[in-house]
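A short write-up of the structure that comes next.
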Number of protein chains: 2
Amino acid sequence: MAQGSYIFVHTPRPAHERIEQALEACLDRAGGIGGAPRLAQAMRHAVYPGGARVRPHLCLAVAQACGDDQKALTDAVAAAIELLHCASLVHDDLPCFDNADTRRGQPSVHAAFGEALAVLAGDALIVAAFEAIARAGVAAPGRIGPLIALIARKVGAPSGLCSGQAWESEPAPPLTLYHQQKTAAMFVAATMGGAIAAGADPRPWRILGERLGAAYQVADDLLDVLAGDGDLAGKPIGQDQAHRRPNAVAVYGVEGAVAMVRRLVAAAVDAVPPCAGRAALVELVRAQATRLAPQNLAVSAA
Amino acid sequence: MAQGSYIFVHTPRPAHERIEQALEACLDRAGGIGGAPRLAQAMRHAVYPGGARVRPHLCLAVAQACGDDQKALTDAVAAAIELLHCASLVHDDLPCFDNADTRRGQPSVHAAFGEALAVLAGDALIVAAFEAIARAGVAAPGRIGPLIALIARKVGAPSGLCSGQAWESEPAPPLTLYHQQKTAAMFVAATMGGAIAAGADPRPWRILGERLGAAYQVADDLLDVLAGDGDLAGKPIGQDQAHRRPNAVAVYGVEGAVAMVRRLVAAAVDAVPPCAGRAALVELVRAQATRLAPQNLAVSAA
């Protein structure tokens, strides 16, 4: 039975392996006996091949910096955040949103499975995310409520990802609020969620998530404007202009946006609270920063 | 702040009032400061005017039969189950599913707010459901994990509502499995969830949910075939035939289906486990049964 797939083995493993195994366990379970087969396929299609898994890596790094005393719970929280991110991409690609036929260089979920299964795959991924945390928390039941309340707040309404996406249907979305909700909220879920999973106070971890999320959003805006033919982005580019969405480059210009990414990453490094694993975490943040400023962006901004 | 709306007052109140207040608290919170305004409106539109609120009434009745020692948690679980049901209706009405322009006698969410906000409203309602339980469980944290794992299992994949809806995209959906997942699963969530919310063993409550859910599904199939011009149903009828979905009337005939509803309701009454509040619960099940066999169905079947 799929139940067994939730038993994680806790010999020291690299972060990448922990995240992929936790995602695999969730998708195995969702594809279990009795389910509609193409729904399970559509859910897998939404999660593989993965992007950089930026949010779960951040979540796991924060948990490790805080002692990571409940590894199965940490893994489940990291996977949950990635599943919610993937769900948002599936719904964002639908014809009624971005109408994007490709994602990560392959057909988007609705292009491959039809719109109905794309809607349901997103729904089922959202459900699977909360289920993963509820199941993995048996050894630390006091952490489940705070984790789910946090992540729900950062993905739902009025201040999470759903609200951020919904601002695109409003006539004059406020740029800062829109970016906070659409992008930074899930980075805050990753940092604060990593802390709660490890039994630490999540509050000192909020600012790191906010600053990294803000940097990531501006970098994404740059990518949308500068990625050329879309090969670098792995998805259709020029979407912000096409959909008349707020874009930081339109507001601050390319040079202004590039400078902003650099400032935000430096500020994120400053925001890492004192903790046992601080050095490793700062290294991860810096590595992310390198990813955020790919060669052609630097050249374009020169 | 919206936070305050989660403080419920626990003077004895009728079930209807408890359910509506709990739903109102969730929607108040989702419509809080900083959120995209039309998303909050679309979420309200999905929940009001309500239908019969069958599932939350069932949940509350089971919790009361089990002692109802954590009323705020019971209310949140009842509301969560209704929010998930409403979310499924919003997505089910979309053009890529039933393409239904009306629901409960008013424009469906996508007809009123557009498809993008309908997708997001459904997503945000799913999130709000889990959030409500996580927040209301602070006084009984050990119940949060089992509640969320149960409800997720009954609404997600492979054995919940999402999977049930996804069977409609398969060439030959198995009728029993399809009905178990699409309808009975959420009735089981209601009965077993009510028990867990009250600190009771949920297992004896499964069969009641399964039988009521099965009765409700057959009654709904009858309504789809027999409701005439759609006024009774409050939504477009003949949808099953139009979408070539399995329908119990097509398989068993009108008389066979009516007899089946009666048998299932009687079996549901038999399945109510021994408990302090058994008499009141049996009364509620019988009242539901009357709703399940409206006048014109009885006449049609005569």
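Residue numbers start at 1 in each chain; chains themselves are named A, B, ... in the order of the structure tokens; ligands are numbered from 1 in the order shown.
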Would you kindly return, as a ChimeraX atom specification, each protein, DNA or RNA residue with an atom no farther than 10 Å from any atom of Gly50 (chain B), considering only C-alpha atoms and excluding same-chain residues fewer than 4 positions away?
/B:20,45-46,82,86,104
Could those residues be written to a file, using N, CA and C atoms, as a compact mmCIF listing (two decimals), in the first residue's frame?
```txt
# COMPACT_ATOMS: atom_id res chain seq x y z
N GLU B 20 -23.45 28.57 10.02
CA GLU B 20 -23.36 29.83 9.28
C GLU B 20 -22.35 30.78 9.90
N HIS B 45 -19.62 34.52 -3.05
CA HIS B 45 -20.62 34.13 -4.04
C HIS B 45 -20.74 32.60 -4.11
N ALA B 46 -19.60 31.93 -3.90
CA ALA B 46 -19.60 30.46 -3.98
C ALA B 46 -20.30 29.82 -2.78
N GLU B 82 -17.95 22.12 4.25
CA GLU B 82 -18.83 22.88 3.36
C GLU B 82 -18.01 23.73 2.37
N CYS B 86 -18.26 23.54 -1.61
CA CYS B 86 -18.51 24.73 -2.46
C CYS B 86 -17.39 24.90 -3.49
N ARG B 104 -27.66 27.07 -7.71
CA ARG B 104 -28.52 27.55 -6.63
C ARG B 104 -29.33 28.77 -7.07
```
Which neighbours of Pro173 (chain A) fall inside 12 Å, counting only C-alpha atoms, when residues of the same chain fewer than 6 positions from it are skipped, and could you give them as a ChimeraX atom specification?
/A:163-167,179-182,244-247 /B:34-38
Print the selection's residues with N, CA and C atoms to a file, as a short mmCIF file (atom, residue, chain, number, x, y, z; two decimals), in the first residue's frame.
```cif
data_model
loop_
_atom_site.label_atom_id
_atom_site.label_comp_id
_atom_site.auth_asym_id
_atom_site.auth_seq_id
_atom_site.Cartn_x
_atom_site.Cartn_y
_atom_site.Cartn_z
N SER A 163 -4.35 35.23 -3.55
CA SER A 163 -4.71 36.64 -3.61
C SER A 163 -3.78 37.38 -4.58
N GLY A 164 -2.49 37.03 -4.54
CA GLY A 164 -1.54 37.64 -5.47
C GLY A 164 -1.94 37.40 -6.92
N GLN A 165 -2.33 36.17 -7.23
CA GLN A 165 -2.78 35.87 -8.61
C GLN A 165 -4.06 36.63 -8.93
N ALA A 166 -4.93 36.79 -7.92
CA ALA A 166 -6.22 37.45 -8.16
C ALA A 166 -6.07 38.94 -8.41
N TRP A 167 -4.98 39.54 -7.92
CA TRP A 167 -4.76 40.96 -8.21
C TRP A 167 -4.65 41.20 -9.71
N HIS A 179 3.37 41.74 -5.51
CA HIS A 179 4.60 40.94 -5.47
C HIS A 179 4.78 40.22 -4.14
N GLN A 180 4.43 40.90 -3.05
CA GLN A 180 4.52 40.25 -1.73
C GLN A 180 3.69 38.98 -1.72
N GLN A 181 2.46 39.09 -2.25
CA GLN A 181 1.54 37.97 -2.17
C GLN A 181 1.87 36.90 -3.21
N LYS A 182 2.14 37.33 -4.43
CA LYS A 182 2.32 36.35 -5.50
C LYS A 182 3.64 35.60 -5.35
N ARG A 244 -0.65 42.63 -19.47
CA ARG A 244 -0.66 43.93 -18.79
C ARG A 244 -0.53 43.79 -17.28
N ARG A 245 0.40 42.90 -16.87
CA ARG A 245 0.63 42.72 -15.44
C ARG A 245 1.74 43.66 -15.00
N PRO A 246 1.71 44.02 -13.71
CA PRO A 246 2.79 44.87 -13.20
C PRO A 246 4.12 44.14 -13.35
N ASN A 247 5.16 44.83 -13.79
CA ASN A 247 6.49 44.24 -13.96
C ASN A 247 7.50 45.28 -13.48
N GLY B 34 -5.84 43.83 2.62
CA GLY B 34 -4.75 43.57 1.69
C GLY B 34 -5.08 42.59 0.59
N GLY B 35 -6.22 41.91 0.70
CA GLY B 35 -6.58 40.92 -0.30
C GLY B 35 -7.18 41.54 -1.55
N ALA B 36 -7.10 40.81 -2.67
CA ALA B 36 -7.72 41.27 -3.91
C ALA B 36 -9.24 41.24 -3.72
N PRO B 37 -9.91 42.39 -3.84
CA PRO B 37 -11.33 42.47 -3.44
C PRO B 37 -12.27 41.53 -4.18
N ARG B 38 -12.08 41.37 -5.48
CA ARG B 38 -13.03 40.54 -6.23
C ARG B 38 -12.84 39.05 -5.92
#
```
Would you please work out which residue, of B:Glu170, B:Glu24, B:Asp75, B:Asp270, is nearest to chain A when using only C-alpha atoms?
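Nearest candidate to chain A out of B:Glu170, B:Glu24, B:Asp75, B:Asp270: B:Glu170.
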Tell me, as a list of chain:residue names, which residues lie within 9 Å of Cys162 (chain A), counting only C-alpha atoms; anything in the same chain fewer than 6 positions away does not count.
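So the residues in contact are A:Ser88, A:Lys154, A:Val155, A:Gly156, A:Gln181, A:Lys182, B:Leu39, B:Leu120, B:Ala121, B:Asp123, B:Ala124.
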Closest of A:Gly213, A:Gly67, A:Pro146, A:Pro202 to chain B - atom-to-atom distances counting only C-alpha atoms
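Looking at the shortest contact to chain B, the residue is A:Pro146.
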